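What's in entry-v3.pdb: PDB, C-alpha atoms
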```pdb
ATOM      1  CA  MET Y 158      14.236  13.198  44.932
ATOM      2  CA  ASP Y 159      13.220  16.776  45.616
ATOM      3  CA  ARG Y 160      10.735  18.425  43.269
ATOM      4  CA  ILE Y 161      12.947  21.436  42.430
ATOM      5  CA  LEU Y 162      16.665  21.251  41.654
ATOM      6  CA  PHE Y 163      19.000  24.186  41.040
ATOM      7  CA  GLY Y 164      21.447  23.735  38.137
ATOM      8  CA  ASP Y 165      24.839  25.249  37.342
ATOM      9  CA  ASN Y 166      25.041  25.895  33.563
ATOM     10  CA  GLN Y 167      24.867  29.653  34.043
ATOM     11  CA  PHE Y 168      27.963  29.640  36.236
ATOM     12  CA  PHE Y 169      30.199  28.292  33.463
ATOM     13  CA  GLY Y 170      29.046  30.262  30.452
ATOM     14  CA  ILE Y 171      26.672  27.676  28.989
ATOM     15  CA  ASN Y 172      23.677  29.005  27.088
ATOM     16  CA  HIS Y 173      22.370  27.001  24.131
ATOM     17  CA  MET Y 174      20.632  29.972  22.504
ATOM     18  CA  SER Y 175      23.027  32.899  22.934
ATOM     19  CA  GLU Y 176      26.832  32.923  22.905
ATOM     20  CA  GLU Y 177      26.786  36.580  23.937
ATOM     21  CA  LYS Y 178      24.728  35.815  27.048
ATOM     22  CA  ALA Y 179      26.978  32.838  27.812
ATOM     23  CA  ARG Y 180      30.106  35.023  27.694
ATOM     24  CA  ALA Y 181      28.522  37.639  29.945
ATOM     25  CA  GLN Y 182      27.565  34.987  32.490
ATOM     26  CA  ALA Y 183      31.046  33.445  32.423
ATOM     27  CA  MET Y 184      32.602  36.852  33.153
ATOM     28  CA  ARG Y 185      30.181  37.647  35.952
ATOM     29  CA  PHE Y 186      30.529  34.304  37.698
ATOM     30  CA  GLY Y 187      34.301  34.320  37.439
ATOM     31  CA  ASP Y 188      34.063  35.594  41.014
ATOM     32  CA  ILE Y 189      33.111  32.644  43.231
ATOM     33  CA  ARG Y 190      31.348  35.044  45.609
ATOM     34  CA  GLU Y 191      28.759  35.716  42.890
ATOM     35  CA  VAL Y 192      28.140  31.991  42.587
ATOM     36  CA  ILE Y 193      27.758  31.523  46.352
ATOM     37  CA  ASP Y 194      25.406  34.504  46.550
ATOM     38  CA  LEU Y 195      23.063  32.982  43.952
ATOM     39  CA  LEU Y 196      23.257  29.553  45.552
ATOM     40  CA  ASP Y 197      22.313  31.151  48.878
ATOM     41  CA  THR Y 198      19.257  32.722  47.236
ATOM     42  CA  ALA Y 199      18.149  29.347  45.896
ATOM     43  CA  TYR Y 200      18.669  27.704  49.295
ATOM     44  CA  ASP Y 201      16.830  30.470  51.152
ATOM     45  CA  SER Y 202      13.953  30.125  48.665
ATOM     46  CA  GLY Y 203      13.508  26.525  49.765
ATOM     47  CA  ILE Y 204      15.531  24.747  47.073
ATOM     48  CA  ARG Y 205      17.635  22.119  48.827
ATOM     49  CA  VAL Y 206      19.395  20.405  45.917
ATOM     50  CA  PHE Y 207      22.270  21.711  43.787
ATOM     51  CA  MET Y 208      22.577  19.606  40.626
ATOM     52  CA  CYS Y 209      26.050  20.347  39.329
ATOM     53  CA  THR Y 210      28.816  19.188  37.043
ATOM     54  CA  THR Y 211      32.231  18.150  38.330
ATOM     55  CA  HIS Y 212      33.860  21.311  36.978
ATOM     56  CA  ASP Y 213      36.962  22.149  39.032
ATOM     57  CA  ARG Y 214      35.316  25.305  40.423
ATOM     58  CA  ILE Y 215      32.517  23.257  41.964
ATOM     59  CA  GLY Y 216      35.215  22.134  44.392
ATOM     60  CA  GLU Y 217      35.310  25.711  45.709
ATOM     61  CA  ILE Y 218      31.587  25.590  46.410
ATOM     62  CA  CYS Y 219      31.945  22.228  48.144
ATOM     63  CA  ALA Y 220      34.724  23.627  50.317
ATOM     64  CA  HIS Y 221      32.564  26.631  51.233
ATOM     65  CA  VAL Y 222      29.643  24.402  52.233
ATOM     66  CA  ARG Y 223      31.910  22.186  54.344
ATOM     67  CA  LEU Y 224      33.215  25.265  56.145
ATOM     68  CA  HIS Y 225      29.688  26.503  56.932
ATOM     69  CA  PRO Y 226      27.582  23.438  57.846
ATOM     70  CA  GLU Y 227      25.279  25.559  60.010
ATOM     71  CA  ARG Y 228      24.368  27.668  56.946
ATOM     72  CA  TYR Y 229      23.407  24.677  54.774
ATOM     73  CA  PRO Y 230      22.057  21.967  57.092
ATOM     74  CA  GLN Y 231      19.800  20.447  54.399
ATOM     75  CA  LEU Y 232      21.797  21.061  51.225
ATOM     76  CA  GLU Y 233      22.339  18.084  48.931
ATOM     77  CA  PHE Y 234      24.474  17.798  45.803
ATOM     78  CA  TYR Y 235      23.556  15.789  42.701
ATOM     79  CA  PRO Y 236      26.927  15.456  40.903
ATOM     80  CA  CYS Y 237      26.868  15.041  37.112
ATOM     81  CA  MET Y 238      29.968  13.413  35.689
ATOM     82  CA  PRO Y 239      32.267  13.512  33.913
ATOM     83  CA  TYR Y 240      32.901  17.160  33.086
ATOM     84  CA  ALA Y 241      33.933  16.229  29.575
ATOM     85  CA  HIS Y 242      35.822  19.418  28.698
ATOM     86  CA  LYS Y 243      38.556  18.837  31.254
ATOM     87  CA  TYR Y 244      39.171  15.326  29.911
ATOM     88  CA  ALA Y 245      39.115  16.508  26.309
ATOM     89  CA  ASN Y 246      41.560  19.299  27.088
ATOM     90  CA  ALA Y 247      43.862  16.914  28.969
ATOM     91  CA  VAL Y 248      43.837  14.367  26.117
ATOM     92  CA  THR Y 249      44.621  17.133  23.619
ATOM     93  CA  GLU Y 250      47.505  18.410  25.730
ATOM     94  CA  TYR Y 251      48.988  15.186  27.100
ATOM     95  CA  GLY Y 252      47.622  12.274  25.055
ATOM     96  CA  THR Y 253      45.232   9.551  26.220
ATOM     97  CA  ILE Y 254      47.480   7.570  28.570
ATOM     98  CA  GLU Y 255      49.133  10.597  30.184
ATOM     99  CA  ALA Y 256      45.705  12.219  30.647
ATOM    100  CA  LEU Y 257      44.360   9.131  32.421
ATOM    101  CA  LYS Y 258      47.401   9.005  34.679
ATOM    102  CA  ARG Y 259      46.755  12.594  35.718
ATOM    103  CA  PHE Y 260      43.202  11.798  36.823
ATOM    104  CA  LEU Y 261      43.800   8.388  38.387
ATOM    105  CA  PRO Y 262      45.473   7.936  41.800
ATOM    106  CA  ALA Y 263      49.271   7.883  41.555
ATOM    107  CA  GLU Y 264      49.565   4.662  43.540
ATOM    108  CA  GLY Y 265      47.974   1.269  42.924
ATOM    109  CA  ALA Y 266      48.013  -1.496  40.398
ATOM    110  CA  LEU Y 267      46.030   0.357  37.738
ATOM    111  CA  ALA Y 268      48.472   3.252  37.669
ATOM    112  CA  ALA Y 269      51.204   0.686  37.053
ATOM    113  CA  LEU Y 270      49.147  -0.854  34.271
ATOM    114  CA  LEU Y 271      48.683   2.524  32.634
ATOM    115  CA  ARG Y 272      52.420   3.033  32.583
ATOM    116  CA  GLY Y 273      52.561  -0.129  30.496
ATOM    117  CA  GLY Y 274      50.431   1.287  27.686
ATOM    118  CA  VAL Y 275      46.923   1.065  26.293
ATOM    119  CA  SER Y 276      47.098  -2.634  25.408
ATOM    120  CA  VAL Y 277      47.586  -3.516  29.073
ATOM    121  CA  ALA Y 278      45.256  -0.898  30.503
ATOM    122  CA  THR Y 279      42.294  -2.038  28.433
ATOM    123  CA  ARG Y 280      42.291  -5.364  30.282
ATOM    124  CA  ASP Y 281      40.652  -3.639  33.226
ATOM    125  CA  VAL Y 282      38.285  -1.089  31.701
ATOM    126  CA  GLU Y 283      35.788  -1.611  34.519
ATOM    127  CA  GLY Y 284      38.450  -0.940  37.142
ATOM    128  CA  ILE Y 285      39.546   2.245  35.370
ATOM    129  CA  ALA Y 286      35.931   3.422  35.119
ATOM    130  CA  ARG Y 287      35.448   2.951  38.857
ATOM    131  CA  LEU Y 288      38.620   4.854  39.675
ATOM    132  CA  LEU Y 289      37.599   7.721  37.387
ATOM    133  CA  ILE Y 290      34.230   7.923  39.151
ATOM    134  CA  ASP Y 291      36.052   8.021  42.498
ATOM    135  CA  ALA Y 292      38.358  10.762  41.222
ATOM    136  CA  GLU Y 293      35.347  12.855  40.183
ATOM    137  CA  MET Y 294      33.665  12.326  43.561
ATOM    138  CA  LYS Y 295      36.611  13.483  45.687
ATOM    139  CA  MET Y 296      35.448  17.099  45.750
ATOM    140  CA  PHE Y 297      32.139  16.042  47.360
ATOM    141  CA  SER Y 298      33.773  14.297  50.310
ATOM    142  CA  GLY Y 299      31.743  14.802  53.484
ATOM    143  CA  LEU Y 300      28.702  16.167  51.625
ATOM    144  CA  ARG Y 301      25.352  14.509  50.891
ATOM    145  CA  THR Y 302      25.163  13.094  47.339
ATOM    146  CA  PRO Y 303      22.065  10.854  47.228
ATOM    147  CA  VAL Y 304      21.898  10.857  43.401
ATOM    148  CA  ILE Y 305      24.881  10.754  41.023
ATOM    149  CA  PHE Y 306      24.328  11.345  37.299
ATOM    150  CA  LEU Y 307      26.193  10.219  34.212
ATOM    151  CA  GLN Y 308      26.466  13.223  31.896
ATOM    152  CA  ASN Y 309      24.703  13.151  28.525
ATOM    153  CA  VAL Y 310      27.916  13.512  26.527
ATOM    154  CA  VAL Y 311      28.972  10.074  27.830
ATOM    155  CA  THR Y 312      25.500   8.547  28.095
ATOM    156  CA  ASP Y 313      24.687   9.277  24.472
ATOM    157  CA  LEU Y 314      28.140   8.286  23.243
ATOM    158  CA  LEU Y 315      27.741   4.898  24.936
ATOM    159  CA  LEU Y 316      24.250   4.569  23.452
ATOM    160  CA  GLY Y 317      25.544   5.322  19.978
ATOM    161  CA  MET Y 318      28.405   2.829  20.312
ATOM    162  CA  GLY Y 319      26.161   0.148  21.795
ATOM    163  CA  ILE Y 320      28.303  -0.224  24.950
ATOM    164  CA  LYS Y 321      25.432  -1.179  27.231
ATOM    165  CA  ASP Y 322      27.427  -2.803  30.043
ATOM    166  CA  ALA Y 323      28.912   0.597  30.925
ATOM    167  CA  PHE Y 324      25.563   1.699  32.369
ATOM    168  CA  ARG Y 325      25.531  -1.317  34.672
ATOM    169  CA  ILE Y 326      29.140  -0.629  35.778
ATOM    170  CA  PHE Y 327      28.262   2.972  36.615
ATOM    171  CA  ALA Y 328      25.036   2.073  38.438
ATOM    172  CA  ASP Y 329      26.614  -0.710  40.498
ATOM    173  CA  HIS Y 330      29.599   1.383  41.606
ATOM    174  CA  VAL Y 331      27.487   4.395  42.544
ATOM    175  CA  ARG Y 332      25.211   2.216  44.671
ATOM    176  CA  GLN Y 333      27.943   0.152  46.322
ATOM    177  CA  ARG Y 334      30.578   2.841  46.940
ATOM    178  CA  TYR Y 335      28.427   5.913  47.626
ATOM    179  CA  ASN Y 336      25.077   4.443  48.689
ATOM    180  CA  ALA Y 337      23.525   6.683  46.046
ATOM    181  CA  GLU Y 338      20.990   6.295  43.256
ATOM    182  CA  PRO Y 339      22.444   6.323  39.721
ATOM    183  CA  GLY Y 340      20.965   8.835  37.313
ATOM    184  CA  PHE Y 341      21.423   9.255  33.567
ATOM    185  CA  ILE Y 342      21.265  12.456  31.513
ATOM    186  CA  THR Y 343      20.420  12.060  27.826
ATOM    187  CA  MET Y 344      19.339  13.831  24.670
ATOM    188  CA  ASN Y 345      17.614  10.645  23.480
ATOM    189  CA  LEU Y 346      15.140   9.616  26.155
ATOM    190  CA  PRO Y 347      13.300   6.841  24.249
ATOM    191  CA  HIS Y 348      16.474   5.000  23.218
ATOM    192  CA  LEU Y 349      18.030   5.221  26.681
ATOM    193  CA  LEU Y 350      14.893   3.840  28.332
ATOM    194  CA  ASP Y 351      14.971   0.877  25.946
ATOM    195  CA  VAL Y 352      18.604   0.102  26.815
ATOM    196  CA  LEU Y 353      18.203   0.506  30.582
ATOM    197  CA  GLU Y 354      15.193  -1.808  30.479
ATOM    198  CA  GLU Y 355      17.146  -4.320  28.400
ATOM    199  CA  ILE Y 356      20.040  -4.522  30.890
ATOM    200  CA  GLY Y 357      17.698  -4.753  33.876
ATOM    201  CA  LEU Y 358      17.900  -1.357  35.562
ATOM    202  CA  PRO Y 359      14.329  -0.910  36.903
ATOM    203  CA  ASN Y 360      12.645   2.450  37.429
ATOM    204  CA  PRO Y 361      15.743   4.508  36.523
ATOM    205  CA  ILE Y 362      16.267   8.204  37.182
ATOM    206  CA  VAL Y 363      16.573   9.861  33.773
ATOM    207  CA  CYS Y 364      17.114  13.559  33.125
ATOM    208  CA  ALA Y 365      16.219  14.868  29.666
ATOM    209  CA  ASN Y 366      15.143  18.033  27.870
ATOM    210  CA  ILE Y 367      11.410  18.447  28.335
ATOM    211  CA  ASN Y 368       9.779  21.659  27.128
ATOM    212  CA  LYS Y 369       6.776  22.832  25.176
ATOM    213  CA  ILE Y 370       8.640  23.727  21.953
ATOM    214  CA  GLY Y 371      10.592  20.462  21.549
ATOM    215  CA  PHE Y 372      13.962  22.126  22.056
ATOM    216  CA  ARG Y 373      16.668  19.425  21.836
ATOM    217  CA  MET Y 374      14.116  16.617  22.284
ATOM    218  CA  CYS Y 375      15.203  13.737  20.007
ATOM    219  CA  GLY Y 376      12.081  12.201  18.481
ATOM    220  CA  GLY Y 377       9.812  15.143  19.211
ATOM    221  CA  ILE Y 378       7.350  16.277  21.856
ATOM    222  CA  LYS Y 379       4.644  13.680  21.243
ATOM    223  CA  LEU Y 380       7.042  10.775  21.626
ATOM    224  CA  TYR Y 381       8.433  12.205  24.872
ATOM    225  CA  GLU Y 382       4.945  12.778  26.255
ATOM    226  CA  GLN Y 383       4.033   9.186  25.447
ATOM    227  CA  GLN Y 384       7.172   7.860  27.132
ATOM    228  CA  ILE Y 385       6.610   9.965  30.259
ATOM    229  CA  ALA Y 386       2.982   8.875  30.524
ATOM    230  CA  SER Y 387       3.438   5.160  29.898
ATOM    231  CA  ARG Y 388       6.892   3.967  30.985
ATOM    232  CA  LYS Y 389       8.160   3.234  34.488
ATOM    233  CA  PHE Y 390      11.014   5.610  35.245
ATOM    234  CA  ARG Y 391      11.657   8.729  37.294
ATOM    235  CA  PRO Y 392      11.827  11.684  34.878
ATOM    236  CA  VAL Y 393      13.813  14.820  35.659
ATOM    237  CA  ALA Y 394      12.982  17.689  33.311
ATOM    238  CA  MET Y 395      15.800  19.992  32.198
ATOM    239  CA  SER Y 396      15.929  22.821  29.638
ATOM    240  CA  VAL Y 397      12.318  23.543  30.557
ATOM    241  CA  LEU Y 398      12.797  27.194  29.562
ATOM    242  CA  ALA Y 399      14.534  26.203  26.300
ATOM    243  CA  SER Y 400      17.433  28.543  27.151
ATOM    244  CA  GLY Y 401      15.062  31.476  27.552
ATOM    245  CA  ALA Y 402      12.886  30.865  24.475
ATOM    246  CA  ILE Y 403       9.821  30.227  26.677
ATOM    247  CA  THR Y 404       8.531  32.477  29.437
ATOM    248  CA  PRO Y 405       8.801  30.961  32.923
ATOM    249  CA  ARG Y 406       5.037  30.752  33.405
ATOM    250  CA  GLU Y 407       4.437  28.999  30.070
ATOM    251  CA  ALA Y 408       7.378  26.678  30.628
ATOM    252  CA  ILE Y 409       6.340  25.616  34.111
ATOM    253  CA  GLU Y 410       2.696  25.185  33.121
ATOM    254  CA  TYR Y 411       3.676  22.724  30.389
ATOM    255  CA  VAL Y 412       6.136  20.695  32.482
ATOM    256  CA  CYS Y 413       3.866  20.481  35.526
ATOM    257  CA  ARG Y 414       1.077  19.126  33.332
ATOM    258  CA  GLN Y 415       3.208  16.049  32.606
ATOM    259  CA  LYS Y 416       2.015  14.344  35.790
ATOM    260  CA  ASN Y 417       4.741  11.712  36.072
ATOM    261  CA  ILE Y 418       7.654  14.148  36.020
ATOM    262  CA  GLN Y 419       9.305  13.803  39.403
ATOM    263  CA  SER Y 420      11.759  16.728  39.420
ATOM    264  CA  ILE Y 421      12.473  19.947  37.558
ATOM    265  CA  VAL Y 422      16.005  21.332  37.256
ATOM    266  CA  PHE Y 423      16.643  24.885  36.146
ATOM    267  CA  GLY Y 424      19.471  27.383  36.118
ATOM    268  CA  ALA Y 425      19.090  31.100  36.665
ATOM    269  CA  SER Y 426      21.478  34.030  36.789
ATOM    270  CA  SER Y 427      19.353  36.403  38.874
ATOM    271  CA  LYS Y 428      17.792  36.210  42.311
ATOM    272  CA  GLN Y 429      14.430  37.354  40.990
ATOM    273  CA  HIS Y 430      14.415  34.651  38.341
ATOM    274  CA  ILE Y 431      15.074  31.954  40.949
ATOM    275  CA  LYS Y 432      12.240  33.159  43.169
ATOM    276  CA  GLU Y 433       9.860  33.536  40.215
ATOM    277  CA  ILE Y 434      10.374  30.004  38.917
ATOM    278  CA  LYS Y 435      10.142  28.500  42.406
ATOM    279  CA  GLN Y 436       6.847  30.336  43.001
ATOM    280  CA  HIS Y 437       5.423  29.187  39.651
ATOM    281  CA  ILE Y 438       6.208  25.524  40.369
ATOM    282  CA  ASP Y 439       4.820  25.712  43.905
ATOM    283  CA  ALA Y 440       1.653  27.480  42.772
ATOM    284  CA  PHE Y 441       0.871  25.115  39.930
ATOM    285  CA  ASP Y 442       1.616  22.014  42.008
ATOM    286  CA  ARG Y 443      -0.553  23.306  44.833
ATOM    287  CA  HIS Y 444      -3.570  23.857  42.605
ATOM    288  CA  ALA Y 445      -3.026  20.625  40.670
ATOM    289  CA  GLN Y 446      -3.096  18.662  43.920
ATOM    290  CA  ASN Y 447      -6.233  20.378  45.178
ATOM    291  CA  ALA Y 448      -9.029  18.236  43.804
ATOM    292  CA  ALA Y 449     -11.612  20.630  45.181
ATOM    293  CA  THR Y 450     -10.346  23.401  42.906
ATOM    294  CA  PRO Y 451     -10.644  22.350  39.257
ATOM    295  CA  VAL Y 452      -8.120  24.384  37.273
ATOM    296  CA  THR Y 453      -7.899  24.218  33.509
ATOM    297  CA  SER Y 454      -5.011  26.611  33.081
ATOM    298  CA  PHE Y 455      -2.075  27.914  35.064
ATOM    299  CA  TYR Y 456      -3.280  31.407  34.263
ATOM    300  CA  GLU Y 457      -6.630  30.551  35.830
ATOM    301  CA  ALA Y 458      -4.806  29.091  38.838
ATOM    302  CA  ASP Y 459      -2.848  32.325  39.148
ATOM    303  CA  GLN Y 460      -6.073  34.331  39.155
ATOM    304  CA  ILE Y 461      -7.641  32.049  41.781
ATOM    305  CA  ALA Y 462      -4.546  32.500  43.971
TER
END
```
Spell out the structure here as structure tokens.
Amino acid sequence: MDRILFGDNQFFGINHMSEEKARAQAMRFGDIREVIDLLDTAYDSGIRVFMCTTHDRIGEICAHVRLHPERYPQLEFYPCMPYAHKYANAVTEYGTIEALKRFLPAEGALAALLRGGVSVATRDVEGIARLLIDAEMKMFSGLRTPVIFLQNVVTDLLLGMGIKDAFRIFADHVRQRYNAEPGFITMNLPHLLDVLEEIGLPNPIVCANINKIGFRMCGGIKLYEQQIASRKFRPVAMSVLASGAITPREAIEYVCRQKNIQSIVFGASSKQHIKEIKQHIDAFDRHAQNAATPVTSFYEADQIA
């Protein structure tokens, strides 16, 4: 995986600290050209991965990239599925069975089973899960998707319900159908690692909140630091800025000091913010890797630079 990943929360009015800021972002990025412009800034800054949900509007971005392959020769997508809101809205409007029928292919044996009702459909839960994954992946057709994530809303629901086999179903289908690595997003890193180890998924890719103030880190900072330092998995740090509660320099200093963190994903709504965070990560990584330059603080590293 790449070191730096660009996220999409800002494009869909998601801000965990400020509803006012979230609304302003949603209004601004209602124009897809604003989204493409910011994505171009990230790409031109050297960020080659767009980690995104399967929101319907992501399909517009995928279509744009397919139309301009010469503009994005190295761009990769890390889809995160499912986009739970669209399923929740569909279930509310149409009911469970009708909602599933709208997302599954119209033809095929499973569609026929669904027409027969829940009691029949539940006989092939694994088959339905695979078809739903395929439905989510349609928008990425023809694009590079080397890692595919299961969203935290589903990951943590499955954890809470003790449905462990679902993680194996997801991982196997992603590998076999898309030749991609499965990834898991969670708000409970320690518990998820225990379950993935139990079902035999070695060295998993796990994305979780990791930041210096413990924002949305179930179990607390010390437990997360211990897990990152001692367990075999590939950590992806998200919410590193704690939705703006931490300055970029402080946030990046803390995350980069956790030596086993493989990737950092962040969202930003301004070009300057993207460039600033990218520069901070590059600068700290560069000095941390230079054994000839002992650096005790990012601020000291900044002064040396």
Measure the distance from atom CA of Met344 of chain Y to atom CA of Thr302 of chain Y in Å and round it to one decimal.
-> 23.4 Å
Using the chain letters and residue numbers of this document, give as a ChimeraX atom specification the residues selected by the PyMOL selection byres ((chain Y and resi 329) around 12).
-> /Y:283,286-287,290,305,322-328,330-340,357-358
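Atom CA of Thr198 of chain Y is positioned 22.2 Å from atom CA of Asp213 of chain Y.
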Separation of atom CA of Asn345 of chain Y from atom CA of Gly376 of chain Y, in Å and rounded to one decimal = 7.6 Å
Report the residues retrieved by the PyMOL selection byres ((chain Y and resi 164) around 7) from the displayed file, expressed as an MDAnalysis selection string.
-> chainID Y and resid 162:163 165:166 207:209 422:424
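Across the chains present, the PyMOL selection byres ((chain Y and resi 310) around 10) applied to this file returns Met238, Pro239, Tyr240, Ala241, Leu307, Gln308, Asn309, Val311, Thr312, Asp313, Leu314, Leu315, Ile342, Thr343 and Met344 of chain Y.
Neighbouring residues of His221 of chain Y at 12 Å or closer, counting only C-alpha atoms and skipping chain neighbours under 2 positions away, are Ile189, Arg190, Val192, Ile193, Asp194, Leu196, Asp197, Arg214, Ile215, Gly216, Glu217, Ile218, Cys219, Arg223, Leu224, His225, Pro226, Glu227, Arg228, Tyr229, Met296, Phe297 and Leu300 of chain Y.
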Could you name the residues that touch Asn360 of chain Y at 10 Å or less, counting all atoms listed in the file, but leaving out those on the same chain fewer than 3 positions away, as number ranges by chain?
-> Y: 350, 353-354, 357, 363, 388-392
Could you write out the selected residues, including C-alpha atoms, as a short mmCIF file (atom, residue, chain, number, x, y, z; two decimals), keeping the file's coordinate frame?
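Contents of the output file part-v1.cif:
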```
data_model
loop_
_atom_site.label_atom_id
_atom_site.label_comp_id
_atom_site.auth_asym_id
_atom_site.auth_seq_id
_atom_site.Cartn_x
_atom_site.Cartn_y
_atom_site.Cartn_z
CA LEU Y 350 14.89 3.84 28.33
CA LEU Y 353 18.20 0.51 30.58
CA GLU Y 354 15.19 -1.81 30.48
CA GLY Y 357 17.70 -4.75 33.88
CA VAL Y 363 16.57 9.86 33.77
CA ARG Y 388 6.89 3.97 30.98
CA LYS Y 389 8.16 3.23 34.49
CA PHE Y 390 11.01 5.61 35.24
CA ARG Y 391 11.66 8.73 37.29
CA PRO Y 392 11.83 11.68 34.88
#
```
Segment 306-321 of chain Y, all listed atoms, 6 Å padding on each side: what axis-aligned box centre and edge lengths in Å to one decimal come out, as JSON?
```
{"center_x": 26.6, "center_y": 6.2, "center_z": 28.6, "size_x": 16.7, "size_y": 26.7, "size_z": 29.3}
```
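Between Ser396 of chain Y and the residues Y:Asn368, Y:Gln429, Y:Gln384, Y:Gln419, the shortest atom-to-atom distance, using all atoms listed in the file, involves Y:Asn368.
Selecting by distance to (15.8, 19.9, 52.2) with a limit of 9 Å and using only C-alpha atoms, one obtains Asp159, Tyr200, Gly203, Ile204, Arg205, Val206, Pro230, Gln231, Leu232 and Glu233 of chain Y.
Nearest residue to Leu380 of chain Y among Y:Ile403, Y:Leu346, Y:Ala365, Y:Ile320 is Y:Leu346, counting only C-alpha atoms.
Ranking Y:Gly299, Y:Ile285, Y:Phe341, Y:Leu195 by their shortest atom-to-atom distance to Ala220 of chain Y, with all atoms listed in the file included, puts Y:Gly299 first.
Among Y:Ile421, Y:Met294, Y:Val397, Y:Leu316, the residue with the shortest atom-to-atom distance to Gly371 of chain Y, counting all atoms listed in the file, is Y:Val397.
Every protein or nucleic acid residue with an atom no more than 10 Å from Gln383 of chain Y, counting all atoms listed in the file and leaving out same-chain residues fewer than 4 positions away, appears here: Y:Pro347, Y:Ile378, Y:Lys379, Y:Ser387, Y:Arg388, Y:Gln415.
Comparing the minimum interatomic distances between Ser420 of chain Y and each of Y:Ile362, Y:Glu433, Y:Gly252, Y:Ser400, counting all atoms listed in the file, we find that Y:Ile362 sits nearest.
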